[in-house]
Amino acid sequence: MQTQTIKTSPELQKEGLEVGKRIQFVAWVIIGMTVTVGTFASQSLLEGDWSFWIDWKDRRYFPILGVISYMLMLVSVQAACWIKARLPVGMTLCAVGINLWQWFERYVNWWGWFSYPMNELFPETVIPCAIAADCVLLLSRKLLLTYLFGAYAFALTFYPANWVMIAPFHQPVEALGQTLSIADYIGFSYVRSAIPEYLRMIESGTLRTFEGGALGPAIFFSGVVGIFIYAIFWWIGDQCTRNRWVKKI
């Protein structure tokens, strides 16, 4: 005859806590994967080659497309963390996770499988940009000021934060009787299939100009566009974190 074990209330409470921790762990894994996939999708659609190839990291489109593609998901995560827990670190944590995953993915897939050098396809960093935007939210605690100054802080920090990495590749070299930047020379040495040369050389004069006024208007324009993107995706993050109750029929 089988005997049935009756569990006491503390034992049931302990089991409930363990189940809750497992559910939370699975939920955080799913959320992290969703944010990562969403960021990669926005990058592929908006930024694409500007995020991969060093000779595409120019002064005209790279600051604009880089800011827009990252801001889509980062703002939503920032809104969720601020609304639910009043933590002004959502964008920074998300940026750190995304950048770590990008380095891992490009090292394994491109260097490990295809032997592309990492100085040809390293990802840009947005961690300083996220810290600047989170600081604006922490200091202001007002949505309007965060929309205006947070977006501009993100945009103004993007190119200077990446300049440390891309500046050595802007140095001029002479190859085959032409003056090129190191970035252009690397692009010529590692030719990508199905990319016509006139599409690769996106900046007027490419990076060989070494000076010009394209960077300032590009950063200003990315900040203006970022204000609207900030407001839209903050609203999306707000809607996704709201509690909704099913009404009885």
# chains A, B, ... in the order shown; residues from 1 in each chain; ligands from 1
$ select_by_dssp --residues "stretch 1-208 of chain A" --states "alpha helix (DSSP H)" --output "JSON, numbers by chain"
{"A": [9, 10, 11, 12, 13, 14, 15, 16, 17, 18, 19, 20, 21, 22, 23, 24, 25, 26, 27, 28, 29, 30, 31, 32, 33, 34, 35, 36, 37, 38, 39, 40, 41, 42, 49, 50, 51, 52, 62, 63, 64, 65, 66, 67, 68, 69, 70, 71, 72, 73, 74, 75, 76, 77, 78, 79, 80, 81, 82, 83, 84, 85, 90, 91, 92, 93, 94, 95, 96, 97, 98, 99, 100, 101, 102, 103, 104, 105, 106, 113, 114, 118, 119, 120, 121, 127, 128, 129, 130, 131, 132, 133, 134, 135, 136, 137, 138, 139, 140, 143, 144, 145, 151, 152, 153, 154, 155, 156, 157, 158, 159, 160, 161, 162, 163, 164, 165, 166, 182, 183, 184, 185, 186, 187, 188, 189, 197, 198, 199, 200]}
$ residues_around --residues "stretch 143-156 of chain A" --least-positions-apart "3" --cutoff "7 Å" --atoms "only C-alpha atoms" --output "list in words"
Val67, Cys129, Ala130, Ala132, Ala133, Val136, Leu137, Ser140, Tyr159, Ile219, Ser222, Gly223, Gly226, Ile227, Tyr230 and Ala231 of chain A
$ write_last_selection --atoms "C-alpha atoms" --output "PDB file, in the first residue's frame"
ATOM      1  CA  VAL A  67      23.442  55.950 -33.495  1.00  0.00           C
ATOM      2  CA  CYS A 129      27.140  56.575 -25.302  1.00  0.00           C
ATOM      3  CA  ALA A 130      24.870  54.496 -23.082  1.00  0.00           C
ATOM      4  CA  ALA A 132      26.079  59.377 -21.102  1.00  0.00           C
ATOM      5  CA  ALA A 133      22.375  58.803 -21.812  1.00  0.00           C
ATOM      6  CA  VAL A 136      21.161  62.381 -18.304  1.00  0.00           C
ATOM      7  CA  LEU A 137      18.221  60.284 -17.108  1.00  0.00           C
ATOM      8  CA  SER A 140      17.219  65.051 -14.855  1.00  0.00           C
ATOM      9  CA  TYR A 159      32.052  59.108 -32.856  1.00  0.00           C
ATOM     10  CA  ILE A 219      26.484  64.190 -35.649  1.00  0.00           C
ATOM     11  CA  SER A 222      21.923  61.981 -35.818  1.00  0.00           C
ATOM     12  CA  GLY A 223      21.058  63.851 -32.605  1.00  0.00           C
ATOM     13  CA  GLY A 226      17.669  60.439 -32.197  1.00  0.00           C
ATOM     14  CA  ILE A 227      15.226  62.709 -30.317  1.00  0.00           C
ATOM     15  CA  TYR A 230      14.152  58.165 -28.265  1.00  0.00           C
ATOM     16  CA  ALA A 231      10.569  59.289 -27.714  1.00  0.00           C
TER      17      ALA A 231
END
$ residues_around --residues "A:Leu74" --least-positions-apart "4" --cutoff "9 Å" --atoms "only C-alpha atoms" --output "list of chain:residue names"
A:Val35, A:Thr39, A:Tyr70, A:Gln78, A:Ala79, A:Gly90, A:Met91, A:Thr92, A:Cys94, A:Ala95, A:Ala130, A:Phe233
$ residues_around --residues "A:Phe40" --least-positions-apart "6" --cutoff "10 Å" --atoms "only C-alpha atoms" --output "JSON list (two decimals) with N, CA and C atoms, in the first residue's frame"
[["chain", "number", "residue", "atom", "x", "y", "z"],
["A", 34, "THR", "N", 16.17, 38.17, -26.85],
["A", 34, "THR", "CA", 15.29, 39.03, -27.66],
["A", 34, "THR", "C", 15.94, 40.37, -27.93],
["A", 46, "LEU", "N", 19.71, 48.69, -40.88],
["A", 46, "LEU", "CA", 20.04, 50.11, -40.95],
["A", 46, "LEU", "C", 21.53, 50.38, -41.14],
["A", 47, "GLU", "N", 22.37, 49.63, -40.42],
["A", 47, "GLU", "CA", 23.80, 49.92, -40.43],
["A", 47, "GLU", "C", 24.56, 48.98, -41.35],
["A", 48, "GLY", "N", 24.37, 47.69, -41.18],
["A", 48, "GLY", "CA", 24.97, 46.70, -42.08],
["A", 48, "GLY", "C", 26.48, 46.80, -42.18],
["A", 69, "SER", "N", 20.75, 52.76, -35.28],
["A", 69, "SER", "CA", 20.58, 51.31, -35.18],
["A", 69, "SER", "C", 20.69, 50.81, -33.74],
["A", 70, "TYR", "N", 21.57, 51.42, -32.95],
["A", 70, "TYR", "CA", 21.71, 50.98, -31.56],
["A", 70, "TYR", "C", 20.62, 51.55, -30.67],
["A", 73, "MET", "N", 16.78, 49.51, -29.65],
["A", 73, "MET", "CA", 16.55, 48.57, -28.56],
["A", 73, "MET", "C", 17.05, 49.11, -27.22],
["A", 98, "ILE", "N", 25.59, 43.59, -25.40],
["A", 98, "ILE", "CA", 25.59, 43.54, -26.87],
["A", 98, "ILE", "C", 27.00, 43.62, -27.43],
["A", 102, "GLN", "N", 28.93, 40.82, -29.65],
["A", 102, "GLN", "CA", 29.42, 41.16, -30.98],
["A", 102, "GLN", "C", 30.87, 40.75, -31.16]]
$ select_by_dssp --residues "stretch 54-242 of chain A" --states "strand (DSSP E)" --output "PDB file with N, CA and C atoms, in the first residue's frame"
ATOM      1  N   PRO A 172      47.459  58.169 -43.783  1.00  0.00           N
ATOM      2  CA  PRO A 172      47.690  58.009 -45.224  1.00  0.00           C
ATOM      3  C   PRO A 172      48.880  57.108 -45.512  1.00  0.00           C
ATOM      4  N   VAL A 173      48.742  56.303 -46.544  1.00  0.00           N
ATOM      5  CA  VAL A 173      49.828  55.465 -47.049  1.00  0.00           C
ATOM      6  C   VAL A 173      49.848  55.582 -48.574  1.00  0.00           C
ATOM      7  N   GLU A 174      50.977  55.279 -49.159  1.00  0.00           N
ATOM      8  CA  GLU A 174      51.102  55.287 -50.609  1.00  0.00           C
ATOM      9  C   GLU A 174      51.234  53.855 -51.096  1.00  0.00           C
ATOM     10  N   ALA A 175      50.319  53.447 -51.962  1.00  0.00           N
ATOM     11  CA  ALA A 175      50.314  52.089 -52.488  1.00  0.00           C
ATOM     12  C   ALA A 175      49.958  52.129 -53.964  1.00  0.00           C
ATOM     13  N   GLN A 178      49.198  55.488 -55.546  1.00  0.00           N
ATOM     14  CA  GLN A 178      48.049  56.251 -55.079  1.00  0.00           C
ATOM     15  C   GLN A 178      48.150  56.484 -53.575  1.00  0.00           C
ATOM     16  N   THR A 179      47.572  57.579 -53.127  1.00  0.00           N
ATOM     17  CA  THR A 179      47.516  57.871 -51.700  1.00  0.00           C
ATOM     18  C   THR A 179      46.208  57.332 -51.141  1.00  0.00           C
ATOM     19  N   LEU A 180      46.322  56.402 -50.225  1.00  0.00           N
ATOM     20  CA  LEU A 180      45.155  55.759 -49.623  1.00  0.00           C
ATOM     21  C   LEU A 180      45.246  55.886 -48.113  1.00  0.00           C
ATOM     22  N   SER A 181      44.124  55.694 -47.465  1.00  0.00           N
ATOM     23  CA  SER A 181      44.168  55.486 -46.024  1.00  0.00           C
ATOM     24  C   SER A 181      44.427  54.007 -45.762  1.00  0.00           C
TER      25      SER A 181
END
$ closest_residue --among "A:Thr36, A:Ser189, A:Gln239, A:Thr125" --to "A:Asn99" --atoms "only C-alpha atoms"
A:Thr125
$ atom_distance --atom1 "atom CA of A:Phe220" --atom2 "atom CA of A:Ser42"
21.2 Å
$ residues_around --residues "stretch 110-123 of chain A" --least-positions-apart "4" --cutoff "8 Å" --atoms "only C-alpha atoms" --output "list in words"
Ser51, Phe52, Trp53, Ile54, Asp55, Asn99, Gln102, Trp103, Glu105, Arg106, Ala183, Ile186, Gly187 and Tyr190 of chain A
